[in-house]
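File shown: structure.cif (mmCIF, C-alpha atoms).
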data_query
loop_
_atom_site.label_atom_id
_atom_site.label_comp_id
_atom_site.auth_asym_id
_atom_site.auth_seq_id
_atom_site.Cartn_x
_atom_site.Cartn_y
_atom_site.Cartn_z
CA MET A 1 149.47 -26.92 -181.57
CA ALA A 2 146.03 -25.99 -180.40
CA VAL A 3 142.87 -28.00 -180.33
CA VAL A 4 139.66 -26.14 -181.10
CA GLU A 5 136.93 -27.56 -178.91
CA SER A 6 133.26 -26.94 -179.44
CA PRO A 7 132.10 -24.33 -176.91
CA MET A 8 128.54 -25.58 -177.06
CA ALA A 9 126.29 -28.32 -178.38
CA GLY A 10 125.04 -27.61 -181.87
CA LYS A 11 125.17 -28.46 -185.54
CA VAL A 12 127.99 -27.43 -187.84
CA PHE A 13 126.37 -24.86 -190.11
CA GLU A 14 129.31 -23.56 -192.13
CA ILE A 15 133.06 -24.10 -192.16
CA LEU A 16 134.89 -20.87 -192.93
CA VAL A 17 138.48 -22.08 -193.27
CA GLU A 18 140.41 -24.76 -195.17
CA VAL A 19 143.23 -27.05 -194.23
CA GLY A 20 146.52 -25.20 -194.66
CA GLN A 21 144.99 -21.78 -194.16
CA SER A 22 146.67 -19.38 -191.73
CA VAL A 23 144.40 -17.93 -189.08
CA ALA A 24 144.87 -15.27 -186.43
CA GLU A 25 143.58 -15.43 -182.90
CA ASP A 26 139.86 -14.58 -182.74
CA ASP A 27 139.27 -15.25 -186.44
CA GLU A 28 136.00 -17.02 -187.10
CA LEU A 29 136.66 -20.67 -187.94
CA LEU A 30 133.21 -22.10 -188.31
CA ILE A 31 129.60 -21.41 -187.49
CA LEU A 32 127.64 -23.62 -185.13
CA GLU A 33 123.89 -23.59 -185.27
CA ALA A 34 121.88 -24.15 -182.12
CA MET A 35 118.34 -23.04 -181.32
CA LYS A 36 118.15 -21.56 -184.84
CA MET A 37 120.94 -19.18 -183.88
CA GLU A 38 124.24 -19.03 -185.70
CA ASN A 39 127.21 -18.89 -183.36
CA PRO A 40 130.75 -18.27 -184.59
CA VAL A 41 133.58 -20.28 -183.08
CA TYR A 42 136.82 -18.28 -182.83
CA ALA A 43 140.44 -19.34 -183.17
CA PRO A 44 142.02 -19.71 -179.71
CA GLU A 45 145.42 -18.55 -181.03
CA ASP A 46 147.36 -17.77 -184.22
CA GLY A 47 148.20 -20.80 -186.35
CA VAL A 48 147.64 -22.85 -189.47
CA VAL A 49 144.65 -25.15 -189.84
CA LYS A 50 146.10 -28.65 -189.71
CA GLU A 51 143.00 -30.75 -189.58
CA ILE A 52 139.23 -30.23 -189.69
CA LYS A 53 137.47 -32.96 -187.75
CA VAL A 54 133.87 -32.12 -188.61
CA GLU A 55 131.76 -31.53 -191.66
CA VAL A 56 128.76 -29.34 -192.38
CA GLY A 57 125.58 -30.82 -190.92
CA LYS A 58 127.28 -32.79 -188.17
CA ASN A 59 125.96 -32.55 -184.63
CA VAL A 60 128.61 -31.84 -182.03
CA ASP A 61 128.61 -31.78 -178.24
CA GLU A 62 130.29 -29.32 -175.96
CA GLY A 63 134.00 -30.23 -175.76
CA ASP A 64 134.14 -32.17 -179.04
CA VAL A 65 137.26 -31.45 -181.08
CA LEU A 66 136.35 -29.40 -184.14
CA MET A 67 139.75 -28.55 -185.59
CA VAL A 68 143.43 -28.80 -184.90
CA LEU A 69 145.61 -25.71 -185.39
CA GLU A 70 149.38 -25.76 -185.64
CA MET B 1 79.52 7.69 -215.23
CA ASP B 2 77.43 4.89 -213.64
CA ILE B 3 80.22 2.44 -214.30
CA VAL B 4 82.66 4.64 -212.44
CA LEU B 5 80.25 4.97 -209.49
CA ASN B 6 79.67 1.20 -209.39
CA MET B 7 83.35 0.56 -209.40
CA TRP B 8 83.81 3.06 -206.60
CA SER B 9 81.10 1.47 -204.43
CA SER B 10 82.51 -2.03 -204.97
CA MET B 11 85.83 -0.80 -203.64
CA SER B 12 86.24 -0.62 -199.91
CA PHE B 13 87.53 2.93 -199.47
CA SER B 14 84.19 4.10 -198.07
CA SER B 15 84.35 1.80 -195.04
CA LEU B 16 87.79 2.96 -193.96
CA TYR B 17 88.05 4.99 -190.76
CA TRP B 18 90.90 6.48 -188.71
CA GLY B 19 91.35 3.30 -186.64
CA HIS B 20 92.37 1.35 -189.71
CA CYS B 21 95.11 3.87 -190.40
CA VAL B 22 96.41 3.56 -186.82
CA MET B 23 96.56 -0.23 -187.25
CA TRP B 24 98.36 0.14 -190.57
CA ALA B 25 100.91 2.29 -188.81
CA ILE B 26 101.35 -0.45 -186.19
CA ALA B 27 101.67 -3.06 -188.94
CA PHE B 28 104.25 -0.98 -190.81
CA LEU B 29 106.20 -0.42 -187.60
CA LEU B 30 106.31 -4.18 -186.95
CA ILE B 31 107.27 -4.89 -190.58
CA TYR B 32 110.06 -2.33 -190.26
CA LEU B 33 111.30 -3.86 -186.99
CA ALA B 34 111.22 -7.34 -188.51
CA ILE B 35 112.99 -6.53 -191.78
CA LYS B 36 115.36 -3.70 -190.88
CA LYS B 37 116.11 -4.55 -187.26
CA GLY B 38 115.75 -8.31 -187.45
CA TYR B 39 113.54 -8.52 -184.33
CA GLU B 40 112.12 -12.06 -184.38
CA PRO B 41 111.14 -11.72 -188.05
CA LEU B 42 109.78 -15.27 -188.18
CA LEU B 43 106.96 -14.28 -185.82
CA LEU B 44 106.73 -10.55 -186.26
CA LEU B 45 106.45 -10.43 -190.03
CA PRO B 46 103.48 -12.86 -190.27
CA ILE B 47 101.77 -11.08 -187.34
CA ALA B 48 102.32 -7.68 -188.96
CA PHE B 49 100.92 -8.80 -192.29
CA GLY B 50 97.95 -10.37 -190.53
CA ILE B 51 97.29 -7.02 -188.85
CA LEU B 52 97.47 -5.26 -192.20
CA LEU B 53 95.11 -7.74 -193.91
CA VAL B 54 92.45 -7.65 -191.21
CA ASN B 55 92.45 -3.85 -191.20
CA LEU B 56 91.68 -3.63 -194.89
CA PRO B 57 87.91 -3.81 -195.22
CA SER B 58 87.13 -7.36 -196.41
CA ASP B 59 85.59 -10.61 -195.20
CA ILE B 60 88.91 -12.22 -194.47
CA MET B 61 88.13 -12.61 -190.73
CA LYS B 62 84.35 -13.11 -191.09
CA PRO B 63 83.32 -16.14 -189.00
CA GLY B 64 82.51 -19.13 -191.17
CA GLU B 65 83.66 -17.38 -194.34
CA GLY B 66 87.05 -15.72 -194.16
CA LEU B 67 90.30 -17.49 -194.82
CA LEU B 68 92.12 -16.12 -191.79
CA TRP B 69 89.12 -16.88 -189.59
CA TYR B 70 89.47 -20.56 -190.54
CA PHE B 71 93.16 -20.47 -189.72
CA TYR B 72 92.37 -18.86 -186.38
CA HIS B 73 89.38 -21.05 -185.52
CA TYR B 74 90.91 -24.43 -186.29
CA GLY B 75 94.44 -23.51 -185.35
CA GLU B 76 94.08 -21.53 -182.16
CA GLU B 77 90.52 -21.79 -180.84
CA TRP B 78 90.82 -25.54 -181.24
CA ALA B 79 94.25 -25.21 -179.69
CA ILE B 80 95.99 -27.37 -182.27
CA ILE B 81 98.81 -25.08 -183.29
CA PRO B 82 100.21 -24.31 -179.82
CA PRO B 83 100.91 -27.99 -179.06
CA LEU B 84 102.47 -28.41 -182.54
CA ILE B 85 104.78 -25.53 -181.70
CA PHE B 86 105.59 -27.24 -178.41
CA LEU B 87 106.39 -30.43 -180.35
CA GLY B 88 108.91 -28.52 -182.44
CA ILE B 89 110.39 -26.74 -179.43
CA GLY B 90 110.76 -30.10 -177.70
CA ALA B 91 112.60 -31.46 -180.73
CA MET B 92 114.85 -28.39 -180.73
CA THR B 93 115.63 -28.54 -177.04
CA ASP B 94 118.72 -30.11 -175.58
CA PHE B 95 118.01 -30.93 -171.96
CA GLY B 96 121.70 -31.66 -171.38
CA PRO B 97 122.45 -28.40 -169.52
CA VAL B 98 119.38 -28.89 -167.29
CA ILE B 99 120.24 -32.47 -166.42
CA ALA B 100 123.85 -31.54 -165.74
CA ASN B 101 122.95 -28.45 -163.71
CA PRO B 102 119.47 -28.95 -162.24
CA LYS B 103 119.66 -25.88 -160.01
CA THR B 104 119.09 -23.73 -163.08
CA LEU B 105 115.54 -25.12 -162.94
CA LEU B 106 114.96 -22.92 -159.89
CA LEU B 107 115.48 -19.83 -162.04
CA GLY B 108 112.60 -20.86 -164.27
CA ALA B 109 110.35 -21.17 -161.25
CA GLY B 110 111.54 -17.84 -159.79
CA ALA B 111 110.71 -15.92 -162.93
CA GLN B 112 107.05 -16.93 -162.61
CA GLY B 113 106.81 -14.13 -160.02
CA GLY B 114 105.73 -11.92 -162.89
CA VAL B 115 102.68 -14.09 -163.53
CA TYR B 116 101.32 -13.57 -160.03
CA LEU B 117 102.13 -9.85 -159.98
CA ALA B 118 100.16 -9.30 -163.17
CA PHE B 119 97.32 -11.49 -161.85
CA LEU B 120 96.99 -9.33 -158.72
CA ALA B 121 97.33 -6.09 -160.66
CA ALA B 122 94.64 -7.18 -163.13
CA LEU B 123 92.29 -7.99 -160.24
CA LEU B 124 92.90 -4.49 -158.83
CA LEU B 125 92.10 -2.95 -162.22
CA GLY B 126 88.69 -4.63 -162.18
CA PHE B 127 89.13 -7.65 -164.45
CA ASP B 128 87.29 -10.72 -163.18
CA VAL B 129 89.33 -13.52 -161.65
CA CYS B 130 89.37 -15.72 -164.78
CA GLN B 131 90.41 -12.84 -167.01
CA ALA B 132 93.07 -11.83 -164.49
CA ALA B 133 94.53 -15.35 -164.58
CA VAL B 134 94.85 -15.25 -168.36
CA ILE B 135 96.41 -11.78 -168.22
CA GLY B 136 98.83 -13.03 -165.56
CA ILE B 137 99.99 -15.86 -167.79
CA ILE B 138 101.10 -13.26 -170.33
CA GLY B 139 103.82 -12.46 -167.78
CA GLY B 140 105.32 -15.87 -168.49
CA ALA B 141 105.67 -14.71 -172.11
CA ASP B 142 104.38 -18.06 -173.24
CA GLY B 143 102.06 -17.73 -176.23
CA PRO B 144 100.89 -21.34 -176.51
CA THR B 145 100.07 -21.56 -172.81
CA THR B 146 98.29 -18.19 -172.89
CA ILE B 147 96.06 -19.36 -175.74
CA PHE B 148 95.37 -22.58 -173.93
CA LEU B 149 94.36 -20.96 -170.68
CA SER B 150 92.21 -18.30 -172.32
CA SER B 151 90.33 -20.88 -174.41
CA LYS B 152 89.28 -22.50 -171.11
CA LEU B 153 88.81 -19.50 -168.80
CA ALA B 154 88.24 -16.34 -170.81
CA PRO B 155 87.71 -17.01 -174.54
CA GLU B 156 86.63 -13.39 -175.03
CA LEU B 157 90.18 -12.27 -174.26
CA MET B 158 91.95 -14.91 -176.33
CA GLY B 159 92.80 -12.76 -179.29
CA VAL B 160 94.06 -9.82 -177.30
CA CYS B 161 96.02 -11.91 -174.81
CA ALA B 162 97.55 -14.03 -177.57
CA VAL B 163 98.67 -10.90 -179.33
CA ALA B 164 100.07 -9.44 -176.12
CA ALA B 165 101.94 -12.65 -175.30
CA TYR B 166 103.33 -13.07 -178.80
CA SER B 167 104.19 -9.41 -179.06
CA TYR B 168 106.21 -9.64 -175.88
CA MET B 169 107.86 -12.80 -177.12
CA ALA B 170 108.77 -10.93 -180.28
CA LEU B 171 109.84 -7.95 -178.22
CA VAL B 172 112.06 -10.00 -175.90
CA PRO B 173 115.16 -8.58 -177.62
CA ILE B 174 113.94 -5.04 -176.93
CA ILE B 175 112.44 -5.35 -173.45
CA GLN B 176 114.92 -7.60 -171.71
CA PRO B 177 118.44 -6.27 -172.47
CA PRO B 178 118.05 -2.90 -170.67
CA ILE B 179 116.80 -4.68 -167.53
CA MET B 180 119.61 -7.19 -167.83
CA ARG B 181 122.28 -4.50 -168.15
CA LEU B 182 120.75 -2.50 -165.31
CA LEU B 183 120.77 -5.36 -162.82
CA THR B 184 124.14 -6.94 -163.63
CA THR B 185 127.72 -5.68 -163.69
CA GLU B 186 130.08 -6.04 -166.64
CA ASP B 187 132.08 -8.60 -164.66
CA GLU B 188 129.01 -10.67 -163.89
CA ARG B 189 128.06 -10.70 -167.57
CA LYS B 190 131.54 -12.00 -168.41
CA ILE B 191 131.22 -15.08 -166.19
CA ARG B 192 131.76 -18.14 -168.36
CA MET B 193 129.93 -21.30 -167.47
CA LYS B 194 131.03 -24.87 -167.97
CA SER B 195 128.91 -27.94 -168.31
CA LEU B 196 129.29 -29.74 -165.03
CA ARG B 197 129.53 -33.18 -166.52
CA LYS B 198 128.77 -35.25 -169.59
CA VAL B 199 125.13 -36.27 -169.72
CA SER B 200 124.54 -39.80 -170.97
CA LYS B 201 122.18 -40.72 -173.76
CA THR B 202 120.13 -42.85 -171.35
CA GLU B 203 119.53 -39.84 -169.09
CA LYS B 204 118.49 -37.76 -172.07
CA ILE B 205 116.03 -40.44 -173.19
CA PHE B 206 114.52 -40.89 -169.75
CA PHE B 207 114.23 -37.17 -168.99
CA PRO B 208 111.29 -36.40 -171.33
CA ILE B 209 109.51 -39.64 -170.41
CA ILE B 210 109.73 -39.01 -166.68
CA THR B 211 108.95 -35.31 -167.06
CA ALA B 212 105.79 -36.12 -169.03
CA ILE B 213 104.62 -38.65 -166.46
CA VAL B 214 105.30 -36.42 -163.45
CA ILE B 215 103.92 -33.16 -164.88
CA ILE B 216 100.79 -34.71 -166.37
CA LEU B 217 100.02 -36.57 -163.14
CA ILE B 218 100.40 -33.34 -161.14
CA VAL B 219 98.91 -30.91 -163.67
CA PRO B 220 96.60 -32.88 -166.01
CA ASP B 221 95.48 -29.64 -167.67
CA ALA B 222 98.97 -29.15 -169.09
CA ALA B 223 98.85 -32.55 -170.81
CA ALA B 224 98.48 -31.38 -174.40
CA LEU B 225 101.33 -28.89 -174.21
CA MET B 226 103.72 -30.88 -172.04
CA GLY B 227 102.87 -34.15 -173.78
CA MET B 228 103.84 -32.75 -177.17
CA PHE B 229 106.88 -30.99 -175.72
CA CYS B 230 108.24 -34.18 -174.18
CA PHE B 231 107.30 -36.25 -177.24
CA GLY B 232 109.26 -33.88 -179.48
CA ASN B 233 112.23 -34.16 -177.19
CA LEU B 234 112.06 -37.96 -177.18
CA LEU B 235 112.03 -37.95 -181.01
CA ARG B 236 115.22 -35.93 -180.83
CA GLU B 237 117.04 -37.93 -178.19
CA SER B 238 116.00 -41.46 -179.18
CA GLY B 239 118.51 -41.37 -182.03
CA VAL B 240 116.29 -43.57 -184.22
CA THR B 241 113.74 -41.00 -185.44
CA GLU B 242 115.91 -38.28 -186.85
CA ARG B 243 113.56 -37.73 -189.78
CA LEU B 244 110.60 -37.14 -187.47
CA SER B 245 112.66 -34.92 -185.22
CA ASN B 246 113.80 -32.87 -188.20
CA ALA B 247 110.26 -32.59 -189.53
CA ALA B 248 108.97 -31.45 -186.13
CA GLN B 249 111.60 -28.76 -185.69
CA ASN B 250 111.77 -27.56 -189.28
CA GLU B 251 108.90 -28.15 -191.72
CA LEU B 252 106.10 -28.63 -189.18
CA MET B 253 107.33 -25.82 -186.95
CA ASN B 254 107.61 -23.46 -189.92
CA ILE B 255 104.15 -24.34 -191.20
CA ALA B 256 102.65 -23.92 -187.73
CA THR B 257 104.44 -20.57 -187.37
CA ILE B 258 102.99 -19.28 -190.63
CA PHE B 259 99.41 -20.16 -189.67
CA LEU B 260 99.88 -18.95 -186.12
CA GLY B 261 101.54 -15.65 -186.99
CA ILE B 262 99.16 -14.47 -189.65
CA SER B 263 96.04 -15.51 -187.75
CA VAL B 264 97.22 -13.98 -184.48
CA GLY B 265 97.81 -10.76 -186.40
CA ALA B 266 94.30 -11.11 -187.79
CA THR B 267 92.82 -10.96 -184.27
CA MET B 268 93.76 -7.29 -184.16
CA PRO B 269 91.07 -5.39 -186.10
CA ALA B 270 90.95 -1.74 -185.13
CA GLU B 271 87.44 -1.98 -183.57
CA VAL B 272 88.63 -4.63 -181.10
CA PHE B 273 92.17 -3.51 -180.65
CA LEU B 274 91.85 0.22 -180.04
CA THR B 275 89.99 -0.01 -176.73
CA PRO B 276 91.20 1.01 -173.23
CA LYS B 277 90.97 -2.59 -172.00
CA VAL B 278 93.56 -3.70 -174.52
CA ILE B 279 95.88 -0.94 -173.44
CA TYR B 280 95.55 -2.13 -169.80
CA ILE B 281 96.33 -5.68 -170.87
CA PHE B 282 99.42 -4.59 -172.76
CA ILE B 283 100.65 -2.44 -169.87
CA LEU B 284 100.04 -5.24 -167.35
CA GLY B 285 101.75 -7.68 -169.67
CA VAL B 286 104.90 -5.64 -170.10
CA LEU B 287 105.09 -4.93 -166.35
CA ALA B 288 104.72 -8.61 -165.56
CA PHE B 289 107.29 -9.51 -168.17
CA GLY B 290 109.82 -6.98 -166.92
CA PHE B 291 109.22 -8.05 -163.34
CA ALA B 292 109.68 -11.72 -164.29
CA THR B 293 112.98 -10.86 -165.96
CA ALA B 294 114.15 -9.00 -162.87
CA CYS B 295 113.03 -11.85 -160.56
CA GLY B 296 115.09 -14.32 -162.56
CA LEU B 297 118.19 -12.10 -162.60
CA LEU B 298 118.01 -11.31 -158.90
CA LEU B 299 117.41 -14.94 -157.95
CA ALA B 300 120.50 -15.90 -159.96
CA LYS B 301 122.56 -13.26 -158.15
CA PHE B 302 121.17 -14.49 -154.85
CA MET B 303 122.10 -18.09 -155.70
CA ASN B 304 125.63 -16.93 -156.52
CA LEU B 305 126.06 -15.92 -152.87
CA PHE B 306 126.01 -19.61 -152.00
CA LEU B 307 127.60 -21.22 -155.05
CA LYS B 308 131.26 -22.02 -155.41
CA GLU B 309 131.02 -22.34 -159.20
CA LYS B 310 129.28 -19.05 -160.04
CA ILE B 311 126.51 -18.95 -162.58
CA ASN B 312 126.19 -16.05 -164.98
CA PRO B 313 123.23 -14.09 -163.59
CA LEU B 314 122.09 -13.26 -167.12
CA ILE B 315 120.71 -16.77 -167.47
CA GLY B 316 118.13 -15.89 -164.82
CA ALA B 317 116.47 -13.64 -167.39
CA ALA B 318 115.76 -16.74 -169.48
CA GLY B 319 113.36 -17.93 -166.79
CA VAL B 320 110.58 -16.22 -168.72
CA SER B 321 109.42 -18.95 -171.01
CA ALA B 322 109.78 -17.31 -174.40
CA VAL B 323 111.60 -20.31 -175.85
CA PRO B 324 114.13 -20.01 -177.23
CA MET B 325 114.09 -16.23 -177.72
CA ALA B 326 114.96 -15.42 -174.11
CA ALA B 327 117.90 -17.82 -174.19
CA ARG B 328 119.11 -16.24 -177.43
CA VAL B 329 118.91 -12.78 -175.89
CA VAL B 330 120.91 -13.96 -172.86
CA HIS B 331 123.49 -15.34 -175.26
CA LYS B 332 123.63 -12.08 -177.21
CA VAL B 333 123.96 -9.84 -174.16
CA GLY B 334 126.60 -12.18 -172.73
CA SER B 335 128.61 -12.22 -175.95
CA GLU B 336 128.52 -8.42 -176.09
CA ALA B 337 130.53 -8.44 -172.86
CA ASP B 338 132.78 -11.30 -174.01
CA ARG B 339 132.32 -12.65 -177.50
CA LYS B 340 133.77 -16.02 -176.59
CA ASN B 341 131.11 -16.52 -173.95
CA TYR B 342 128.58 -19.10 -175.12
CA LEU B 343 125.63 -18.88 -172.73
CA LEU B 344 122.95 -20.17 -175.11
CA MET B 345 122.74 -23.73 -173.84
CA HIS B 346 123.17 -22.71 -170.20
CA ALA B 347 120.28 -20.30 -170.62
CA MET B 348 118.16 -23.12 -172.01
CA GLY B 349 118.01 -24.63 -168.51
CA PRO B 350 116.00 -21.80 -166.95
CA ASN B 351 114.23 -21.28 -170.27
CA VAL B 352 112.89 -24.83 -170.41
CA ALA B 353 112.08 -24.64 -166.72
CA GLY B 354 110.19 -21.43 -167.48
CA VAL B 355 107.97 -23.24 -169.99
CA ILE B 356 107.26 -25.96 -167.46
CA GLY B 357 106.77 -23.32 -164.74
CA THR B 358 104.28 -21.32 -166.81
CA ALA B 359 102.40 -24.48 -167.83
CA VAL B 360 102.22 -25.50 -164.17
CA ALA B 361 101.04 -22.02 -163.16
CA ALA B 362 98.36 -22.21 -165.87
CA GLY B 363 97.34 -25.68 -164.69
CA MET B 364 97.03 -24.39 -161.14
CA PHE B 365 94.84 -21.48 -162.26
CA LEU B 366 92.71 -23.93 -164.24
CA SER B 367 92.21 -26.42 -161.44
CA VAL B 368 91.22 -23.65 -159.01
CA LEU B 369 89.06 -21.55 -161.33
CA LYS B 370 87.53 -24.03 -163.80
#

What would you get if you wrote out this structure as structure tokens?
Amino acid sequence: MAVVESPMAGKVFEILVEVGQSVAEDDELLILEAMKMENPVYAPEDGVVKEIKVEVGKNVDEGDVLMVLE
Amino acid sequence: MDIVLNMWSSMSFSSLYWGHCVMWAIAFLLIYLAIKKGYEPLLLLPIAFGILLVNLPSDIMKPGEGLLWYFYHYGEEWAIIPPLIFLGIGAMTDFGPVIANPKTLLLGAGAQGGVYLAFLAALLLGFDVCQAAVIGIIGGADGPTTIFLSSKLAPELMGVCAVAAYSYMALVPIIQPPIMRLLTTEDERKIRMKSLRKVSKTEKIFFPIITAIVIILIVPDAAALMGMFCFGNLLRESGVTERLSNAAQNELMNIATIFLGISVGATMPAEVFLTPKVIYIFILGVLAFGFATACGLLLAKFMNLFLKEKINPLIGAAGVSAVPMAARVVHKVGSEADRKNYLLMHAMGPNVAGVIGTAVAAGMFLSVLK
């Protein structure tokens, strides 16, 4: 199980995966917007998306849990 | 036959000259860079179209008559738009990385070296001391502050200096990366940075209030810019004015950008723009800007000699105050070396400090020269 933490403060701009979807390491999981710049967040390892803890438009801080992979 | 002749004379072909064509070429180049290359299109495209409009023979920039002249006069000569932009930037800015890692503030101060270099060089080239100060401020790559200072010290240079400053802000993604790659190693660019600690909401609320008080007491001439900047940030951090914060950073910022961009472009008619003086100003500006970038990078590398937790030297380049373009460029160059490296917020520390640094430098010029 791997926890995907937010690498930076920002706003969730787009979520690119769904619960149950298989992802490979370095796949883009979601896009964070900060300073009008869209920043992809990558999967830390291979796995299946177990839980998505955020929704589009939510502000997150660095270190907040965005998703749980399994 | 008369009708045809009348129609011809009411058209403006006869007042065209070669300079207009040169300016069209510049406008088309900027439009191309904005659309095809994506270089700061939000600023560059309005500026480019402003350049095109003012170099078609018409009354659009005629004082007291033309549409773009009104935009320019009330927006920039009255210095209303720059503080509105600062309001939006304040609302967009997260001071968290600065509060958690205050030493990054030094980088913003270090990068002001470019301002003083350009000031001295402009004096040597024969500009008077007030004009040299305004040209120096271009080195901070801070458009709003440049317009402010020139409206007080050298109004005759306002248009040209505004264009130079905004051009360099738009050209941040072109000018900075080569200098950044030259002065850093691949390994240095890969350094990942962590936030040192969680910053509390109380700290974030007090930061803009205290910053406003301190800066305005020390540099009263920076009050309009810094006041709006800190106010915007307070709207963001208070947590109770989200609507105002959103308006400041989205709708208001976008509206201000439209008026600013097109009217700054409109200060570049061929007669004014294609003179040797303007070329000097642009050359001095780019030298100052490159030097400021290098100062920031080298200061960051120097600081790393003493730091246990290394900083990524790229963030030094964000000490030029093109907010938030310089921070974005740092982030981009950093993620080219390691795509999981998120430097954006760390670069905002020096970047924000750069704005404050340039505003302070402008205030110092003002208090000495006014």

Non-local contacts of range 290-305 of chain B (8 Å; only C-alpha atoms; under 5 positions in same chain excluded) as a compact mmCIF listing (two decimals) with C-alpha atoms, in the coordinates of the input:
# COMPACT_ATOMS: atom_id res chain seq x y z
CA LEU B 107 115.48 -19.83 -162.04
CA GLY B 108 112.60 -20.86 -164.27
CA GLY B 110 111.54 -17.84 -159.79
CA ALA B 111 110.71 -15.92 -162.93
CA GLN B 112 107.05 -16.93 -162.61
CA GLY B 113 106.81 -14.13 -160.02
CA GLY B 114 105.73 -11.92 -162.89
CA VAL B 115 102.68 -14.09 -163.53
CA GLY B 139 103.82 -12.46 -167.78
CA GLY B 140 105.32 -15.87 -168.49
CA ILE B 175 112.44 -5.35 -173.45
CA GLN B 176 114.92 -7.60 -171.71
CA ILE B 179 116.80 -4.68 -167.53
CA MET B 180 119.61 -7.19 -167.83
CA LEU B 183 120.77 -5.36 -162.82
CA THR B 184 124.14 -6.94 -163.63
CA LYS B 310 129.28 -19.05 -160.04
CA ILE B 311 126.51 -18.95 -162.58
CA ASN B 312 126.19 -16.05 -164.98
CA PRO B 313 123.23 -14.09 -163.59
CA LEU B 314 122.09 -13.26 -167.12
CA ILE B 315 120.71 -16.77 -167.47
CA GLY B 316 118.13 -15.89 -164.82
CA ALA B 317 116.47 -13.64 -167.39
CA ALA B 318 115.76 -16.74 -169.48
CA GLY B 319 113.36 -17.93 -166.79
CA VAL B 320 110.58 -16.22 -168.72

Nearest to Phe13 in chain A, chosen from A:Glu55, A:Glu28, A:Lys50, A:Met1, with only C-alpha atoms counted in the distances =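 The shortest atom-to-atom distance to Phe13 in chain A comes from A:Glu55.
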
Counting all atoms listed in the file, which residues of chain A sit at most 9 Å from some atom of chain B, and what is each one's closest atom pair with its distance in Å to one decimal, listed by chain and rising residue number, as a tab-separated table?
residue	atom	partner	partner_atom	distance
A:Pro7	CA	B:Tyr342	CA	6.6
A:Met8	CA	B:Tyr342	CA	6.8
A:Ala9	CA	B:Met345	CA	7.4
A:Asp26	CA	B:Lys340	CA	8.8
A:Ala34	CA	B:Leu344	CA	8.1
A:Met35	CA	B:Met92	CA	6.4
A:Lys36	CA	B:Met92	CA	8.6
A:Met37	CA	B:Arg328	CA	7.3
A:Asn39	CA	B:Tyr342	CA	8.4
A:Pro40	CA	B:Lys340	CA	8.8
A:Val41	CA	B:Lys340	CA	7.8
A:Tyr42	CA	B:Lys340	CA	7.3
A:Glu62	CA	B:Ser195	CA	7.9

request  = For CA of Leu33 in chain B and CA of Ala322 in chain B, determine how far apart the two atoms are, in Å to one decimal place.
outcome  =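 Here the two named atoms are 18.5 Å from each other.
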
message = What would the selection look like, as an MDAnalysis selection string, if the PyMOL selection byres ((chain A and resi 54) around 9) were run on the coordinates I just shared?
response = chainID A and resid 12 15 52:53 55:60 65:67

Straight-line distance linking CA of Asp142 in chain B with CA of Pro102 in chain B, stated in Å to one decimal =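 Going from CA of Asp142 in chain B over to CA of Pro102 in chain B, I get 21.6 Å.
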
Around the point (91.1, -20.6, -169.4), in the coordinates given by the file, pick out the residues reaching within 12 Å, counting only C-alpha atoms, and return them as a compact mmCIF listing (two decimals) with C-alpha atoms, in the frame of the given file.
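Ended up saving to result_18.txt:
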# COMPACT_ATOMS: atom_id res chain seq x y z
CA GLU B 77 90.52 -21.79 -180.84
CA ALA B 79 94.25 -25.21 -179.69
CA VAL B 129 89.33 -13.52 -161.65
CA CYS B 130 89.37 -15.72 -164.78
CA GLN B 131 90.41 -12.84 -167.01
CA ALA B 132 93.07 -11.83 -164.49
CA ALA B 133 94.53 -15.35 -164.58
CA VAL B 134 94.85 -15.25 -168.36
CA ILE B 135 96.41 -11.78 -168.22
CA GLY B 136 98.83 -13.03 -165.56
CA ILE B 137 99.99 -15.86 -167.79
CA THR B 145 100.07 -21.56 -172.81
CA THR B 146 98.29 -18.19 -172.89
CA ILE B 147 96.06 -19.36 -175.74
CA PHE B 148 95.37 -22.58 -173.93
CA LEU B 149 94.36 -20.96 -170.68
CA SER B 150 92.21 -18.30 -172.32
CA SER B 151 90.33 -20.88 -174.41
CA LYS B 152 89.28 -22.50 -171.11
CA LEU B 153 88.81 -19.50 -168.80
CA ALA B 154 88.24 -16.34 -170.81
CA PRO B 155 87.71 -17.01 -174.54
CA GLU B 156 86.63 -13.39 -175.03
CA LEU B 157 90.18 -12.27 -174.26
CA MET B 158 91.95 -14.91 -176.33
CA CYS B 161 96.02 -11.91 -174.81
CA ASP B 221 95.48 -29.64 -167.67
CA ALA B 222 98.97 -29.15 -169.09
CA ALA B 361 101.04 -22.02 -163.16
CA ALA B 362 98.36 -22.21 -165.87
CA GLY B 363 97.34 -25.68 -164.69
CA MET B 364 97.03 -24.39 -161.14
CA PHE B 365 94.84 -21.48 -162.26
CA LEU B 366 92.71 -23.93 -164.24
CA SER B 367 92.21 -26.42 -161.44
CA VAL B 368 91.22 -23.65 -159.01
CA LEU B 369 89.06 -21.55 -161.33
CA LYS B 370 87.53 -24.03 -163.80

ask   = What does the distance between CA of Ala162 in chain B and CA of Val264 in chain B come to in Å, to one decimal place?
value =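 Calculated distance between CA of Ala162 in chain B and CA of Val264 in chain B is 6.9 Å.
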
ask   = Leaving out Val49 in chain A and any residue of its chain fewer than 6 positions from it, which residues lie within 6 Å of it when counting only C-alpha atoms, given as a list of chain:residue names?
value = A:Val19, A:Gly20, A:Gln21, A:Leu69
